[in-house]
Number of protein chains: 2
Amino acid sequence: MFTSIFSSQYLNQQRSFQNLIALKQPFSYVSISEAWNRISGAAISSLESEIVTIREAHNRILAKEVTSPISIPADDLTHYDGYAIRSVDTKNAHVQPVRLRVVDKAYPSQPPKVTIGDGEACYVTTGSALPRGSDTVLAVEMAARMEGDLVQVRSRIDPGEHVIPAGSDIKKGEAVISAGRTLRPQDIMVLDLLKIETVQVYKKPFVAIVSVGDELVDKAPTHSLLLSHWVQLSGGIPIDSGVAPDHVDQIKDRVEAALTRADVVITIGGCSMGEKDLVGDVIDSVGKPGLVFHGIKIKPGRVSGFGVAMNKPIVMLPGFIHSTIVGFEFLVLPLLQKMRRLHPEGAWHIITAKLAEKIQIRSFIPFKNATFVRLQLEPEGLVAYPLLGGSSFFGIVSKADGVVVGEENRTSIDKGETVSVHILPGV
Amino acid sequence: MFTSIFSSQYLNQQRSFQNLIALKQPFSYVSISEAWNRISGAAISSLESEIVTIREAHNRILAKEVTSPISIPADDLTHYDGYAIRSVDTKNAHVQPVRLRVVDKAYPSQPPKVTIGDGEACYVTTGSALPRGSDTVLAVEMAARMEGDLVQVRSRIDPGEHVIPAGSDIKKGEAVISAGRTLRPQDIMVLDLLKIETVQVYKKPFVAIVSVGDELVDKAPTHSLLLSHWVQLSGGIPIDSGVAPDHVDQIKDRVEAALTRADVVITIGGCSMGEKDLVGDVIDSVGKPGLVFHGIKIKPGRVSGFGVAMNKPIVMLPGFIHSTIVGFEFLVLPLLQKMRRLHPEGAWHIITAKLAEKIQIRSFIPFKNATFVRLQLEPEGLVAYPLLGGSSFFGIVSKADGVVVGEENRTSIDKGETVSVHILPGV
């Protein structure tokens, strides 16, 4: 550690840093699955539910099962053009042709007005309701038109022919969409059909993003812009909580303010072991239990951490962009899923691909290893091209479609090997 | 065909329907691939480009390659704590230790102010810029602190040690994002980093949806609500062009109005062979070439069609909801991709699953067959459960995650068979 040779002011600052470092928890890495156990076991407030109109309900999580207030179809319908009749009238038609009198006509837009009695029929077109009294449909080609308003039938017609019974699609009182379902466009269509105007859904989590670093003050927080988009794609509402310089009090102010506004706080930067890496201490000081772990067994991203204060989760992400992304993928995405009451692993879109070039793993061998890759569909299938370069390189992030995750204790992943690729959000 | 027995007005209407039917093109089914050839060959206006801010650019298609106006990093940086020095000063340090005078310090937030001369050094921390004159970094643990402002080095330091050269991430003038790329969150982050505020993207297609059917007048157009969501998810801007009753002039008014406002027109309903199925004729009458095909070899959805007028595509979808969806999946989705200059087949999200129950195909055997399925992840992998029932059933649509497509001339798809599932948009 360098001791300043320039000014007493700097010397003082250095000393206070060193005191802080002395107080730090030992930096002990946990496996991803242990990290997940600790996050799952943490006392985090559940999100409440709220009522929204169905037009706002897309991608929201249903908090309360929806049952149908009506039957679909509301009436028995015909799915064929023909005549709605009483089947009993045709009981002997195969022996003795029967003539029926056409007393009404019906269209989907024009319901029948009559009740069908003995020897009567109603012309119906596909989608029309059947008139009261009728129980079957005589197909138009089975009916001979006679003079006047008569039709003749020469065969016995069973009850229910060409009939779509009322409630056969959706029954009144039937559970249509179960609680916990992410509402898709087709669910919203069905809600609209059932004349349901509002639904009870879980609130979206507000996710505050605090950027930390002297070098970011007065600059657009680039990382935070990326995470904001990703939070939104993951069903959260991002809050830009600005930039704190590398100073304990100022970081603490930002994190405390973020905790009052948001359901989740993400910090970016200031969490490795340098003199300016103060975020872990801040998390420990803003509430209990404070820092839960600092360090995960994956590289890049290994100095990520997690804490809880005010029953709200705080995820600490490193500042190098590759590390930020890996920390987000492995800690924030599943956390957001959990908070939305979805299966945490559902956060990850994993596909398999063939590796185009060998990946050499040179450090942190006992850890998982994440390598950014570009995917390309080739005749033999999906191929993953490793993008190599420093973990601060943005050009790689822009080119990347996903991250290949190598398991613990591997020193290389061979060319041609089938690998799992975590697809980056929004790709 | 039924001739009304009720009123002369109805008789007249029937006659005009029959004339129209007589004029219809023969209803000849084309294969999906032939449908695609015809759509690809159609004279359709290209979408223009527009300038948008990067905050609005997510998911837009870049119309013009972006080159970097700056280098990232802008300066040579150190990725280690130590001293920026001139490598030449250490040429003989392994023989004779060298003492260097520390003349400045630099942090990422505080660039160096000096130029390093003979025998000088500047303290630098990870991420700091190197001062002018220096070309390498002496790691802090390789330097012995001496009294005063001196450090001593006992080994030769090569040029470029611990240095991230300017432009090594992104070079000024380098093509960063190529034209035709769908902009992802990480692209927007990189644009922000490069201080690029606006980009040239293709306009989103306006997609007008005209619902047709007497029975829909004065009702909420449920199908159109679904397609609006799907159009939006597919990068278009939906326009609800309302409902036309089953009357040629009124359908024509709606379609013509839609053609003036939108880049694509979708009609729903009124396109099978019944007396009220007038949309094909309307499309033939609103411009040249008019109806290009009517009928595709897939069931449900077989009475879908396609036409062009005013150099704009018109897709004619059937009114039964399963048919509407299949027509949308096979005609509209790839059309929207094509208009957005993306690969048409990229519209389809296809996965494989094991079929849980046999699917029996009973009609239109020479056609492709589409069966709605629910997907479930089971220990042996993804399993597709067929959802059987009438093609008007909404309950099935709400339960469905995708559509299993059976190839031509199959009479059944066996339990346990591996099938391709088209995932429904938004699932």
# chains A, B, ... in the order shown; residues from 1 in each chain; ligands from 1
$ residues_around --residues "range 154-163 of chain A" --least-positions-apart "5" --cutoff "12 Å" --atoms "only C-alpha atoms" --output "mmCIF file with N, CA and C atoms, in the first residue's frame"
data_model
loop_
_atom_site.group_PDB
_atom_site.id
_atom_site.type_symbol
_atom_site.label_atom_id
_atom_site.label_comp_id
_atom_site.auth_asym_id
_atom_site.auth_seq_id
_atom_site.Cartn_x
_atom_site.Cartn_y
_atom_site.Cartn_z
ATOM 1 N N PRO A 73 -68.912 -20.619 -25.332
ATOM 2 C CA PRO A 73 -69.903 -19.633 -25.768
ATOM 3 C C PRO A 73 -71.041 -19.524 -24.754
ATOM 4 N N ASP A 75 -74.169 -19.357 -25.485
ATOM 5 C CA ASP A 75 -75.275 -20.207 -25.963
ATOM 6 C C ASP A 75 -74.711 -21.400 -26.716
ATOM 7 N N ASP A 76 -75.574 -22.417 -26.943
ATOM 8 C CA ASP A 76 -75.217 -23.462 -27.900
ATOM 9 C C ASP A 76 -75.089 -22.792 -29.275
ATOM 10 N N LEU A 77 -74.015 -23.093 -29.986
ATOM 11 C CA LEU A 77 -73.799 -22.495 -31.316
ATOM 12 C C LEU A 77 -73.716 -23.588 -32.360
ATOM 13 N N THR A 78 -73.953 -23.222 -33.616
ATOM 14 C CA THR A 78 -73.697 -24.164 -34.697
ATOM 15 C C THR A 78 -72.333 -23.860 -35.305
ATOM 16 N N HIS A 79 -71.609 -24.913 -35.701
ATOM 17 C CA HIS A 79 -70.364 -24.635 -36.423
ATOM 18 C C HIS A 79 -70.499 -25.015 -37.890
ATOM 19 N N TYR A 80 -71.752 -24.967 -38.358
ATOM 20 C CA TYR A 80 -72.014 -25.369 -39.736
ATOM 21 C C TYR A 80 -73.226 -24.593 -40.219
ATOM 22 N N ASP A 81 -73.339 -24.373 -41.532
ATOM 23 C CA ASP A 81 -74.560 -23.778 -42.072
ATOM 24 C C ASP A 81 -75.611 -24.882 -42.189
ATOM 25 N N GLY A 82 -76.848 -24.571 -41.786
ATOM 26 C CA GLY A 82 -77.894 -25.595 -41.884
ATOM 27 C C GLY A 82 -79.151 -25.158 -41.160
ATOM 28 N N TYR A 83 -79.820 -26.128 -40.545
ATOM 29 C CA TYR A 83 -81.101 -25.851 -39.889
ATOM 30 C C TYR A 83 -81.055 -26.375 -38.466
ATOM 31 N N ALA A 84 -81.372 -25.493 -37.525
ATOM 32 C CA ALA A 84 -81.485 -25.935 -36.139
ATOM 33 C C ALA A 84 -82.856 -26.592 -35.991
ATOM 34 N N ILE A 85 -82.866 -27.844 -35.494
ATOM 35 C CA ILE A 85 -84.118 -28.608 -35.398
ATOM 36 C C ILE A 85 -84.157 -29.362 -34.074
ATOM 37 N N ARG A 86 -85.288 -30.071 -33.838
ATOM 38 C CA ARG A 86 -85.388 -30.971 -32.700
ATOM 39 C C ARG A 86 -85.037 -32.365 -33.226
ATOM 40 N N SER A 87 -84.025 -33.009 -32.655
ATOM 41 C CA SER A 87 -83.587 -34.307 -33.195
ATOM 42 C C SER A 87 -84.725 -35.321 -33.191
ATOM 43 N N VAL A 88 -85.608 -35.187 -32.192
ATOM 44 C CA VAL A 88 -86.700 -36.150 -32.049
ATOM 45 C C VAL A 88 -87.594 -36.179 -33.288
ATOM 46 N N ASP A 89 -87.669 -35.015 -33.991
ATOM 47 C CA ASP A 89 -88.503 -34.940 -35.193
ATOM 48 C C ASP A 89 -87.970 -35.818 -36.325
ATOM 49 N N THR A 90 -86.698 -36.233 -36.262
ATOM 50 C CA THR A 90 -86.107 -37.006 -37.363
ATOM 51 C C THR A 90 -85.973 -38.478 -37.007
ATOM 52 N N LYS A 91 -86.598 -38.865 -35.884
ATOM 53 C CA LYS A 91 -86.418 -40.221 -35.347
ATOM 54 C C LYS A 91 -86.637 -41.300 -36.403
ATOM 55 N N ASN A 92 -87.653 -41.084 -37.254
ATOM 56 C CA ASN A 92 -87.955 -42.093 -38.274
ATOM 57 C C ASN A 92 -87.698 -41.602 -39.688
ATOM 58 N N ALA A 93 -86.921 -40.509 -39.814
ATOM 59 C CA ALA A 93 -86.731 -39.891 -41.131
ATOM 60 C C ALA A 93 -86.028 -40.820 -42.112
ATOM 61 N N HIS A 94 -85.226 -41.760 -41.610
ATOM 62 C CA HIS A 94 -84.546 -42.707 -42.515
ATOM 63 C C HIS A 94 -85.535 -43.690 -43.119
ATOM 64 N N VAL A 95 -86.673 -43.812 -42.485
ATOM 65 C CA VAL A 95 -87.727 -44.689 -42.996
ATOM 66 C C VAL A 95 -88.718 -43.859 -43.836
ATOM 67 N N GLN A 96 -89.097 -42.764 -43.262
ATOM 68 C CA GLN A 96 -90.138 -41.918 -43.856
ATOM 69 C C GLN A 96 -89.637 -40.469 -43.858
ATOM 70 N N PRO A 97 -89.295 -39.880 -45.028
ATOM 71 C CA PRO A 97 -88.796 -38.502 -45.042
ATOM 72 C C PRO A 97 -89.700 -37.548 -44.267
ATOM 73 N N VAL A 98 -89.068 -36.584 -43.626
ATOM 74 C CA VAL A 98 -89.799 -35.648 -42.772
ATOM 75 C C VAL A 98 -89.665 -34.240 -43.361
ATOM 76 N N ARG A 99 -90.759 -33.491 -43.348
ATOM 77 C CA ARG A 99 -90.700 -32.100 -43.786
ATOM 78 C C ARG A 99 -90.787 -31.179 -42.579
ATOM 79 N N LEU A 100 -89.920 -30.202 -42.573
ATOM 80 C CA LEU A 100 -89.883 -29.258 -41.451
ATOM 81 C C LEU A 100 -90.122 -27.860 -42.011
ATOM 82 N N VAL A 124 -79.680 -21.546 -39.766
ATOM 83 C CA VAL A 124 -78.564 -21.029 -38.970
ATOM 84 C C VAL A 124 -77.274 -21.053 -39.795
ATOM 85 N N THR A 125 -76.432 -20.055 -39.601
ATOM 86 C CA THR A 125 -75.125 -20.042 -40.265
ATOM 87 C C THR A 125 -74.045 -20.214 -39.206
ATOM 88 N N THR A 126 -72.890 -20.618 -39.662
ATOM 89 C CA THR A 126 -71.774 -20.913 -38.760
ATOM 90 C C THR A 126 -71.600 -19.812 -37.712
ATOM 91 N N GLY A 127 -71.608 -20.215 -36.471
ATOM 92 C CA GLY A 127 -71.430 -19.248 -35.384
ATOM 93 C C GLY A 127 -72.731 -18.718 -34.805
ATOM 94 N N SER A 128 -73.848 -19.021 -35.436
ATOM 95 C CA SER A 128 -75.142 -18.562 -34.890
ATOM 96 C C SER A 128 -75.488 -19.338 -33.625
ATOM 97 N N ALA A 129 -76.268 -18.694 -32.751
ATOM 98 C CA ALA A 129 -76.831 -19.392 -31.603
ATOM 99 C C ALA A 129 -77.987 -20.280 -32.073
ATOM 100 N N LEU A 130 -78.167 -21.413 -31.385
ATOM 101 C CA LEU A 130 -79.334 -22.273 -31.676
ATOM 102 C C LEU A 130 -80.557 -21.689 -30.954
ATOM 103 N N PRO A 131 -81.704 -21.709 -31.604
ATOM 104 C CA PRO A 131 -82.907 -21.218 -30.913
ATOM 105 C C PRO A 131 -83.321 -22.192 -29.805
ATOM 106 N N GLY A 133 -85.465 -24.781 -27.846
ATOM 107 C CA GLY A 133 -86.263 -25.889 -28.388
ATOM 108 C C GLY A 133 -85.465 -26.790 -29.310
ATOM 109 N N SER A 134 -84.496 -26.240 -30.053
ATOM 110 C CA SER A 134 -83.700 -27.071 -30.973
ATOM 111 C C SER A 134 -82.553 -27.708 -30.192
ATOM 112 N N ASP A 135 -82.100 -28.881 -30.671
ATOM 113 C CA ASP A 135 -80.983 -29.539 -29.987
ATOM 114 C C ASP A 135 -79.953 -30.098 -30.952
ATOM 115 N N THR A 136 -80.142 -29.834 -32.260
ATOM 116 C CA THR A 136 -79.172 -30.351 -33.223
ATOM 117 C C THR A 136 -79.247 -29.517 -34.497
ATOM 118 N N VAL A 137 -78.255 -29.732 -35.377
ATOM 119 C CA VAL A 137 -78.241 -28.978 -36.633
ATOM 120 C C VAL A 137 -78.218 -29.955 -37.804
ATOM 121 N N LEU A 138 -79.183 -29.742 -38.708
ATOM 122 C CA LEU A 138 -79.259 -30.497 -39.958
ATOM 123 C C LEU A 138 -78.399 -29.740 -40.969
ATOM 124 N N ALA A 139 -77.292 -30.367 -41.419
ATOM 125 C CA ALA A 139 -76.384 -29.680 -42.345
ATOM 126 C C ALA A 139 -77.132 -29.294 -43.619
ATOM 127 N N VAL A 140 -76.751 -28.145 -44.185
ATOM 128 C CA VAL A 140 -77.501 -27.610 -45.325
ATOM 129 C C VAL A 140 -77.547 -28.608 -46.480
ATOM 130 N N GLU A 141 -76.486 -29.384 -46.687
ATOM 131 C CA GLU A 141 -76.472 -30.306 -47.825
ATOM 132 C C GLU A 141 -77.276 -31.585 -47.565
ATOM 133 N N MET A 142 -77.727 -31.778 -46.351
ATOM 134 C CA MET A 142 -78.562 -32.936 -46.001
ATOM 135 C C MET A 142 -80.043 -32.596 -46.132
ATOM 136 N N ALA A 143 -80.326 -31.313 -46.408
ATOM 137 C CA ALA A 143 -81.718 -30.858 -46.421
ATOM 138 C C ALA A 143 -82.128 -30.524 -47.846
ATOM 139 N N ALA A 144 -83.224 -31.066 -48.287
ATOM 140 C CA ALA A 144 -83.729 -30.726 -49.619
ATOM 141 C C ALA A 144 -84.711 -29.575 -49.467
ATOM 142 N N SER A 168 -68.634 -24.851 -23.555
ATOM 143 C CA SER A 168 -67.673 -25.893 -23.939
ATOM 144 C C SER A 168 -66.269 -25.322 -24.097
ATOM 145 N N GLY B 390 -62.159 -27.305 -30.501
ATOM 146 C CA GLY B 390 -62.536 -26.508 -31.679
ATOM 147 C C GLY B 390 -61.626 -25.317 -31.896
#
$ interface_residues --of "chain B" --to "chain A" --cutoff "7 Å" --atoms "only C-alpha atoms" --output "PyMOL selection string"
chain B and resi 5+108-109+149+169-170+184-187+189-190+192-193+214-215+222-223+225-226+229+393-395+397-398+426-427
$ write_last_selection --atoms "N, CA and C atoms" --output "PDB file, in the first residue's frame"
ATOM      1  N   ILE B   5     -86.114 -16.879 -47.711  1.00  0.00           N
ATOM      2  CA  ILE B   5     -87.545 -17.073 -47.925  1.00  0.00           C
ATOM      3  C   ILE B   5     -88.307 -15.977 -47.214  1.00  0.00           C
ATOM      4  N   PRO B 108      -7.932   7.386 -11.298  1.00  0.00           N
ATOM      5  CA  PRO B 108      -8.847   7.396 -12.442  1.00  0.00           C
ATOM      6  C   PRO B 108      -9.594   8.737 -12.538  1.00  0.00           C
ATOM      7  N   SER B 109      -9.900   9.316 -11.387  1.00  0.00           N
ATOM      8  CA  SER B 109     -10.658  10.562 -11.388  1.00  0.00           C
ATOM      9  C   SER B 109      -9.729  11.779 -11.469  1.00  0.00           C
ATOM     10  N   ASP B 149      11.166  11.221  -1.748  1.00  0.00           N
ATOM     11  CA  ASP B 149      10.224  10.884  -2.811  1.00  0.00           C
ATOM     12  C   ASP B 149      10.852   9.935  -3.815  1.00  0.00           C
ATOM     13  N   ASP B 169      -9.571  -1.010 -26.516  1.00  0.00           N
ATOM     14  CA  ASP B 169     -10.943  -1.503 -26.408  1.00  0.00           C
ATOM     15  C   ASP B 169     -11.683  -1.164 -27.710  1.00  0.00           C
ATOM     16  N   ILE B 170     -11.804   0.116 -27.996  1.00  0.00           N
ATOM     17  CA  ILE B 170     -12.462   0.567 -29.231  1.00  0.00           C
ATOM     18  C   ILE B 170     -11.589   1.657 -29.840  1.00  0.00           C
ATOM     19  N   ARG B 184     -29.489  -3.719 -28.878  1.00  0.00           N
ATOM     20  CA  ARG B 184     -29.719  -4.330 -27.574  1.00  0.00           C
ATOM     21  C   ARG B 184     -29.287  -3.346 -26.489  1.00  0.00           C
ATOM     22  N   PRO B 185     -29.651  -3.603 -25.236  1.00  0.00           N
ATOM     23  CA  PRO B 185     -29.223  -2.700 -24.170  1.00  0.00           C
ATOM     24  C   PRO B 185     -27.708  -2.464 -24.157  1.00  0.00           C
ATOM     25  N   GLN B 186     -26.932  -3.521 -24.414  1.00  0.00           N
ATOM     26  CA  GLN B 186     -25.487  -3.309 -24.350  1.00  0.00           C
ATOM     27  C   GLN B 186     -24.974  -2.443 -25.500  1.00  0.00           C
ATOM     28  N   ASP B 187     -25.679  -2.449 -26.643  1.00  0.00           N
ATOM     29  CA  ASP B 187     -25.281  -1.543 -27.723  1.00  0.00           C
ATOM     30  C   ASP B 187     -25.540  -0.099 -27.314  1.00  0.00           C
ATOM     31  N   MET B 189     -25.577   1.055 -24.325  1.00  0.00           N
ATOM     32  CA  MET B 189     -24.537   1.428 -23.370  1.00  0.00           C
ATOM     33  C   MET B 189     -23.272   1.883 -24.093  1.00  0.00           C
ATOM     34  N   VAL B 190     -22.886   1.133 -25.124  1.00  0.00           N
ATOM     35  CA  VAL B 190     -21.661   1.478 -25.845  1.00  0.00           C
ATOM     36  C   VAL B 190     -21.834   2.805 -26.593  1.00  0.00           C
ATOM     37  N   ASP B 192     -23.665   5.245 -25.657  1.00  0.00           N
ATOM     38  CA  ASP B 192     -23.593   6.252 -24.594  1.00  0.00           C
ATOM     39  C   ASP B 192     -22.130   6.514 -24.217  1.00  0.00           C
ATOM     40  N   LEU B 193     -21.382   5.440 -24.076  1.00  0.00           N
ATOM     41  CA  LEU B 193     -19.963   5.552 -23.739  1.00  0.00           C
ATOM     42  C   LEU B 193     -19.208   6.369 -24.794  1.00  0.00           C
ATOM     43  N   ASP B 214     -70.308  -8.881 -39.001  1.00  0.00           N
ATOM     44  CA  ASP B 214     -71.500  -8.264 -38.406  1.00  0.00           C
ATOM     45  C   ASP B 214     -71.533  -8.479 -36.906  1.00  0.00           C
ATOM     46  N   GLU B 215     -71.121  -9.687 -36.478  1.00  0.00           N
ATOM     47  CA  GLU B 215     -71.247 -10.053 -35.079  1.00  0.00           C
ATOM     48  C   GLU B 215     -70.280  -9.287 -34.178  1.00  0.00           C
ATOM     49  N   THR B 222     -61.768  -8.575 -29.781  1.00  0.00           N
ATOM     50  CA  THR B 222     -60.862  -9.377 -28.959  1.00  0.00           C
ATOM     51  C   THR B 222     -59.622  -9.837 -29.720  1.00  0.00           C
ATOM     52  N   HIS B 223     -59.828 -10.332 -30.952  1.00  0.00           N
ATOM     53  CA  HIS B 223     -58.685 -10.829 -31.717  1.00  0.00           C
ATOM     54  C   HIS B 223     -57.697  -9.701 -31.982  1.00  0.00           C
ATOM     55  N   LEU B 225     -57.095  -7.123 -30.234  1.00  0.00           N
ATOM     56  CA  LEU B 225     -56.325  -6.803 -29.024  1.00  0.00           C
ATOM     57  C   LEU B 225     -55.091  -7.705 -28.929  1.00  0.00           C
ATOM     58  N   LEU B 226     -55.290  -8.995 -29.210  1.00  0.00           N
ATOM     59  CA  LEU B 226     -54.165  -9.939 -29.195  1.00  0.00           C
ATOM     60  C   LEU B 226     -53.123  -9.554 -30.248  1.00  0.00           C
ATOM     61  N   HIS B 229     -50.933  -6.515 -29.442  1.00  0.00           N
ATOM     62  CA  HIS B 229     -49.805  -6.840 -28.564  1.00  0.00           C
ATOM     63  C   HIS B 229     -48.683  -7.522 -29.359  1.00  0.00           C
ATOM     64  N   PHE B 393     -61.906 -22.062 -29.872  1.00  0.00           N
ATOM     65  CA  PHE B 393     -61.830 -22.097 -28.410  1.00  0.00           C
ATOM     66  C   PHE B 393     -60.710 -21.217 -27.859  1.00  0.00           C
ATOM     67  N   PHE B 394     -61.116 -20.252 -27.062  1.00  0.00           N
ATOM     68  CA  PHE B 394     -60.176 -19.307 -26.473  1.00  0.00           C
ATOM     69  C   PHE B 394     -59.443 -19.914 -25.287  1.00  0.00           C
ATOM     70  N   GLY B 395     -60.131 -20.814 -24.570  1.00  0.00           N
ATOM     71  CA  GLY B 395     -59.512 -21.434 -23.404  1.00  0.00           C
ATOM     72  C   GLY B 395     -58.209 -22.119 -23.792  1.00  0.00           C
ATOM     73  N   VAL B 397     -56.254 -21.278 -26.290  1.00  0.00           N
ATOM     74  CA  VAL B 397     -55.251 -20.261 -26.610  1.00  0.00           C
ATOM     75  C   VAL B 397     -54.596 -19.754 -25.334  1.00  0.00           C
ATOM     76  N   SER B 398     -55.419 -19.583 -24.305  1.00  0.00           N
ATOM     77  CA  SER B 398     -54.863 -19.078 -23.055  1.00  0.00           C
ATOM     78  C   SER B 398     -53.916 -20.094 -22.433  1.00  0.00           C
ATOM     79  N   GLY B 426     -44.538 -13.554 -27.224  1.00  0.00           N
ATOM     80  CA  GLY B 426     -44.828 -13.060 -25.870  1.00  0.00           C
ATOM     81  C   GLY B 426     -44.830 -14.130 -24.804  1.00  0.00           C
ATOM     82  N   VAL B 427     -44.520 -15.385 -25.189  1.00  0.00           N
ATOM     83  CA  VAL B 427     -44.521 -16.472 -24.192  1.00  0.00           C
ATOM     84  C   VAL B 427     -43.094 -16.652 -23.662  1.00  0.00           C
TER      85      VAL B 427
END
$ residues_around --residues "range 352-365 of chain A" --least-positions-apart "5" --cutoff "12 Å" --atoms "only C-alpha atoms" --output "PyMOL selection string"
chain A and resi 29+296-302+370-389+401-423
$ closest_residue --among "B:Glu50, B:Glu56, B:Glu120, B:Glu345" --to "Ser33 in chain B" --atoms "only C-alpha atoms"
B:Glu345
$ atom_distance --atom1 "CA of Arg341 in chain A" --atom2 "CA of Gln200 in chain A"
14.2 Å
$ residues_around --residues "range 305-314 of chain A" --least-positions-apart "6" --cutoff "6 Å" --atoms "only C-alpha atoms" --output "PyMOL selection string"
chain A and resi 43-45+263-266+287-295
$ write_last_selection --atoms "C-alpha atoms" --output "tab-separated table (two decimals), in the first residue's frame"
chain	number	residue	atom	x	y	z
A	43	ALA	CA	-35.38	-12.00	5.29
A	44	ILE	CA	-36.60	-9.94	2.36
A	45	SER	CA	-40.00	-8.22	2.29
A	263	ASP	CA	-37.33	-2.64	-3.11
A	264	VAL	CA	-33.86	-3.67	-4.28
A	265	VAL	CA	-30.61	-1.71	-4.32
A	266	ILE	CA	-27.77	-2.43	-6.73
A	287	GLY	CA	-28.79	-2.04	8.75
A	288	LYS	CA	-28.93	-5.62	9.93
A	289	PRO	CA	-27.80	-8.23	8.95
A	290	GLY	CA	-25.74	-6.02	6.62
A	291	LEU	CA	-23.25	-7.76	4.38
A	292	VAL	CA	-24.24	-11.44	3.94
A	293	PHE	CA	-21.42	-12.47	1.64
A	294	HIS	CA	-18.69	-10.76	-0.32
A	295	GLY	CA	-17.07	-12.78	-3.07
$ select_by_dssp --residues "range 112-213 of chain B" --states "alpha helix (DSSP H)" --output "PyMOL selection string"
chain B and resi 185-193
$ decode --residues "range 234-276 of chain B" --atoms "C-alpha atoms" --output "mmCIF file, in the first residue's frame"
data_model
loop_
_atom_site.group_PDB
_atom_site.id
_atom_site.type_symbol
_atom_site.label_atom_id
_atom_site.label_comp_id
_atom_site.auth_asym_id
_atom_site.auth_seq_id
_atom_site.Cartn_x
_atom_site.Cartn_y
_atom_site.Cartn_z
ATOM 1 C CA SER B 234 -42.578 -7.769 -33.257
ATOM 2 C CA GLY B 235 -41.343 -4.194 -33.623
ATOM 3 C CA GLY B 236 -44.429 -2.697 -35.271
ATOM 4 C CA ILE B 237 -46.878 -0.016 -34.189
ATOM 5 C CA PRO B 238 -50.433 -1.380 -34.135
ATOM 6 C CA ILE B 239 -53.355 0.749 -35.302
ATOM 7 C CA ASP B 240 -56.838 -0.439 -34.390
ATOM 8 C CA SER B 241 -58.781 0.216 -37.593
ATOM 9 C CA GLY B 242 -62.020 -0.915 -36.016
ATOM 10 C CA VAL B 243 -64.722 -3.267 -37.218
ATOM 11 C CA ALA B 244 -66.415 -3.458 -40.609
ATOM 12 C CA PRO B 245 -69.732 -5.310 -40.910
ATOM 13 C CA ASP B 246 -70.043 -7.993 -43.608
ATOM 14 C CA HIS B 247 -70.679 -5.523 -46.380
ATOM 15 C CA VAL B 248 -68.373 -4.947 -49.352
ATOM 16 C CA ASP B 249 -68.497 -1.142 -49.311
ATOM 17 C CA GLN B 250 -67.886 -0.863 -45.603
ATOM 18 C CA ILE B 251 -65.012 -3.357 -45.642
ATOM 19 C CA LYS B 252 -63.531 -1.478 -48.612
ATOM 20 C CA ASP B 253 -63.808 1.855 -46.779
ATOM 21 C CA ARG B 254 -61.973 0.444 -43.779
ATOM 22 C CA VAL B 255 -59.254 -1.242 -45.828
ATOM 23 C CA GLU B 256 -58.692 1.861 -47.965
ATOM 24 C CA ALA B 257 -58.482 4.075 -44.899
ATOM 25 C CA ALA B 258 -56.060 1.597 -43.317
ATOM 26 C CA LEU B 259 -53.889 1.613 -46.474
ATOM 27 C CA THR B 260 -53.494 5.385 -46.297
ATOM 28 C CA ARG B 261 -52.373 5.303 -42.647
ATOM 29 C CA ALA B 262 -50.405 2.097 -42.319
ATOM 30 C CA ASP B 263 -47.491 0.239 -43.912
ATOM 31 C CA VAL B 264 -49.183 -3.140 -43.483
ATOM 32 C CA VAL B 265 -52.873 -4.005 -43.264
ATOM 33 C CA ILE B 266 -54.185 -7.093 -41.495
ATOM 34 C CA THR B 267 -57.808 -8.131 -41.863
ATOM 35 C CA ILE B 268 -59.400 -10.610 -39.474
ATOM 36 C CA GLY B 269 -62.441 -12.631 -40.585
ATOM 37 C CA GLY B 270 -64.590 -12.751 -43.697
ATOM 38 C CA CYS B 271 -62.194 -14.788 -45.796
ATOM 39 C CA SER B 272 -63.520 -18.342 -45.981
ATOM 40 C CA MET B 273 -66.026 -19.455 -48.632
ATOM 41 C CA GLY B 274 -69.321 -18.484 -47.006
ATOM 42 C CA GLU B 275 -71.749 -15.996 -48.413
ATOM 43 C CA LYS B 276 -70.383 -13.296 -46.157
#
